[in-house]
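Okay, so here's the structure we're looking at.
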Amino acid sequence: MKTRITELLEIKYPIIQGGMAWVAEHNLASAVSEAGGLGLIGAGGAPAEFIREQIQKVKEATDKPFGVNLMLMNPEADDIARIIVEEGVKVVTTGAGNPGKYMAMWKEAGVKVIPVVASVAMAKMMERGGADAVVAEGMESGGHIGSATTMTLVPQVVDAVTIPVIAAGGIADGRGFAASIMLGAEAVQMGTRFVVARESIVHENYKKKVIGAKDIDSEVTGTSHGHPVRQLRNNMTREYVKLEKEGAPFEELEKLTLGSLRKAVVEGDTVNGTLMAGQIAGLVKKEQTCAEMIQEIMAEAEKLLKR
Ligand code: TUI
């Protein structure tokens, strides 16, 4: 299947792996790229030199294209932006902010820049700034989210820009892929399904929670201070929501989530860890290799799109 995204990124299938903090490390990224999608290293809040090592490990594992997701609230974002250029990374996606200040440097180095946006206004601003494509991410997604749904956001972004649009949020199978194409997207980005990939280093306890999740098992925290984050409901989110209802200040809420994503991903703490996952977790039923996932999605989507 050819789209402007497969051409732009020189990948076989228009499937991009989400740049998930702690989760999107070199093993997952190289597996997705080897399977014909675009694997990403998620910088999250990690130190810059750690990201350089991750990039080098993906280069050793695959000669296929891969990218880095720069989470713009990372305190070392400036250094990571520069390392992306130094290491010759071909694709960068950004999240949780406006990547405007790095755009000129990346464009000059020939890096393909794909900001993740949650609104039409941001998509237009990114196109004006020279973005090669945008990921339009709906609030069905896990992690830090905006307020528009994928169903409403994607076609409005498609109408507002001429660069290709990648749909994200609530997509985990061939039906979601085909629906995204119907909305005008030219690729999809998936996170939640890849959390449970065989090659994903996420702790078994976390994977089991995603696999066991039902449709309404996620919770959005952080709305009170303007940084809504979606994750699976557990002891931590119940406590967080309770404190938010009581009007607790950010500093107090922050204590609950400091280091909590690491707790979930590395230690498998499903009680007090942050189990970031999207609303589509209810559809994710088993661990498979990245290649199996991508093959299954493409086969199902092609059948649907031919009908
Ligand atoms: O970034 C994500 N997902 C993330 S980032 C993350 S780390 C984090 N943890 C806790 C709180 C905040 C961040 C976990 N998951 N997705 C892409 C995304 N970007 N979603 C929403 C946005 C976004 C939000 C505001 C993009 C731009 C934006 O505009 C800000 C501005 O400057 O106008």
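The chains in the structure tokens are called A, B, ... from first to last as shown; in each chain the residues are counted from 1, and the ligands are counted from 1 in the order shown.
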
Surroundings of ligand 1 up to 6 Å, based on only C-alpha atoms and all ligand atoms, as a list in words: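 Protein and nucleic-acid residues within 6 Å of ligand 1: Gly44, Met71, Gly95, Ala96, Gly97, Asn98, Val116, Val117, Ala118, Gly143, His144, Ile145, Gly146 and His227 of chain A.
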
Write out as a Markdown table a residue-level contact list of range 143-241 of chain A versus range 264-270 of chain A with cut-off 6 Å: for each qualifying residue the closest pair of atoms and the distance in Å to one decimal, counting only C-alpha atoms, rows sorted by chain and residue number upward.
| residue | atom | partner | partner_atom | distance |
| --- | --- | --- | --- | --- |
| A:Val202 | CA | A:Val265 | CA | 4.9 |
| A:His203 | CA | A:Gly268 | CA | 5.1 |
| A:Asn205 | CA | A:Gly268 | CA | 5.1 |
| A:Tyr206 | CA | A:Gly268 | CA | 5.8 |

Using DSSP on the backbone, list every residue of range 39-264 of chain A that comes out as strand (DSSP E or B), and give them as a PyMOL selection string. chain A and resi 39-42+66-71+91-95+112-117+134-137+143-144+165-168+187-190+218-221+229-232

Residue nearest Ile114 in chain A - candidates A:Leu9, A:Leu253, A:Ala21, A:Met298, atoms counted: only C-alpha atoms: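 Using only C-alpha atoms, Ile114 in chain A sits closest to A:Leu9.
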
Neighbouring residues of range 88-94 of chain A were defined as those with any atom within 6 Å, considering only C-alpha atoms; residues of the same chain fewer than 5 positions away were excluded. Please report them as JSON, numbers by chain. {"A": [67, 68, 69, 70, 71, 111, 112, 113, 114, 115, 116]}

With N, CA, C and O atoms retained, could you export that selection as a CSV table (one decimal), in the first residue's frame?
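File produced: again-v6.csv:
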chain,number,residue,atom,x,y,z
A,67,GLY,N,12.7,6.5,13.6
A,67,GLY,CA,12.7,7.9,14.0
A,67,GLY,C,12.9,8.0,15.5
A,67,GLY,O,13.0,7.0,16.3
A,68,VAL,N,12.9,9.3,16.0
A,68,VAL,CA,12.9,9.6,17.4
A,68,VAL,C,11.7,10.5,17.7
A,68,VAL,O,11.4,11.4,16.9
A,69,ASN,N,11.0,10.2,18.8
A,69,ASN,CA,10.0,11.1,19.3
A,69,ASN,C,10.5,12.0,20.4
A,69,ASN,O,11.0,11.5,21.4
A,70,LEU,N,10.5,13.3,20.1
A,70,LEU,CA,11.0,14.2,21.1
A,70,LEU,C,9.8,14.8,21.9
A,70,LEU,O,9.0,15.5,21.4
A,71,MET,N,9.8,14.4,23.2
A,71,MET,CA,8.8,15.0,24.1
A,71,MET,C,9.3,16.3,24.6
A,71,MET,O,10.3,16.4,25.2
A,111,VAL,N,16.2,16.3,8.0
A,111,VAL,CA,15.3,15.4,8.9
A,111,VAL,C,13.9,15.7,8.5
A,111,VAL,O,13.4,16.8,8.4
A,112,LYS,N,13.1,14.6,8.4
A,112,LYS,CA,11.7,14.7,8.2
A,112,LYS,C,11.0,15.0,9.5
A,112,LYS,O,11.2,14.3,10.5
A,113,VAL,N,10.2,16.1,9.5
A,113,VAL,CA,9.6,16.6,10.8
A,113,VAL,C,8.1,16.3,10.8
A,113,VAL,O,7.4,16.8,10.0
A,114,ILE,N,7.7,15.6,11.8
A,114,ILE,CA,6.3,15.2,11.9
A,114,ILE,C,5.7,15.5,13.3
A,114,ILE,O,5.8,14.6,14.2
A,115,PRO,N,5.3,16.7,13.6
A,115,PRO,CA,4.7,17.1,14.9
A,115,PRO,C,3.4,16.3,15.2
A,115,PRO,O,2.6,16.1,14.3
A,116,VAL,N,3.2,15.9,16.4
A,116,VAL,CA,1.9,15.4,16.8
A,116,VAL,C,1.1,16.6,17.3
A,116,VAL,O,1.5,17.4,18.1

Excluding same-chain residues fewer than 6 positions from Ala277 in chain A, what lies within 6 Å of it counting only C-alpha atoms, as a list of chain:residue names?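 Result of the neighbour search: A:Gly142, A:Thr192, A:Gln231.
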
For the residues in that selection, give me N, CA and C atoms as a PDB file, in the first residue's frame.
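To be explicit, this is the file written out as part20.pdb:
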ATOM      1  N   GLY A 142      -3.553   7.035  24.674  1.00  0.00           N
ATOM      2  CA  GLY A 142      -2.958   6.994  26.000  1.00  0.00           C
ATOM      3  C   GLY A 142      -1.994   8.150  26.162  1.00  0.00           C
ATOM      4  N   THR A 192      -0.844   1.712  21.964  1.00  0.00           N
ATOM      5  CA  THR A 192      -1.337   0.697  22.896  1.00  0.00           C
ATOM      6  C   THR A 192      -1.090  -0.734  22.406  1.00  0.00           C
ATOM      7  N   GLN A 231      -4.660   6.901  31.250  1.00  0.00           N
ATOM      8  CA  GLN A 231      -4.027   5.651  31.671  1.00  0.00           C
ATOM      9  C   GLN A 231      -5.118   4.718  32.199  1.00  0.00           C
TER      10      GLN A 231
END

Find the spatial neighbours of range 166-171 of chain A, counting only C-alpha atoms, within a cut-off of 10 Å - ignore same-chain residues fewer than 4 positions away - and output them as number ranges by chain. A: 5, 14-18, 114, 116-118, 133-142, 145, 149-151, 153-155, 157-158, 175-181, 183-193, 277-281, 283

Residues of range 173-227 of chain A that have any atom at most 9 Å from an atom of range 27-37 of chain A: could you tabulate them with the shortest-distance atom pair and the distance in Å to one decimal, using only C-alpha atoms, ordered by chain and increasing number, as a Markdown table?
| residue | atom | partner | partner_atom | distance |
| --- | --- | --- | --- | --- |
| A:Phe194 | CA | A:Leu28 | CA | 8.0 |
| A:Val195 | CA | A:Leu28 | CA | 8.8 |
| A:Ala197 | CA | A:Leu28 | CA | 7.9 |
| A:Arg198 | CA | A:Leu28 | CA | 8.8 |
| A:Glu199 | CA | A:Leu28 | CA | 5.5 |
| A:Ser200 | CA | A:Leu28 | CA | 5.2 |
| A:Ile201 | CA | A:Asn27 | CA | 7.5 |

When you draw a straight line from CA of Lys208 in chain A to CA of Leu232 in chain A, how long is it in Å?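 Between CA of Lys208 in chain A and CA of Leu232 in chain A the gap is 11.7 Å.
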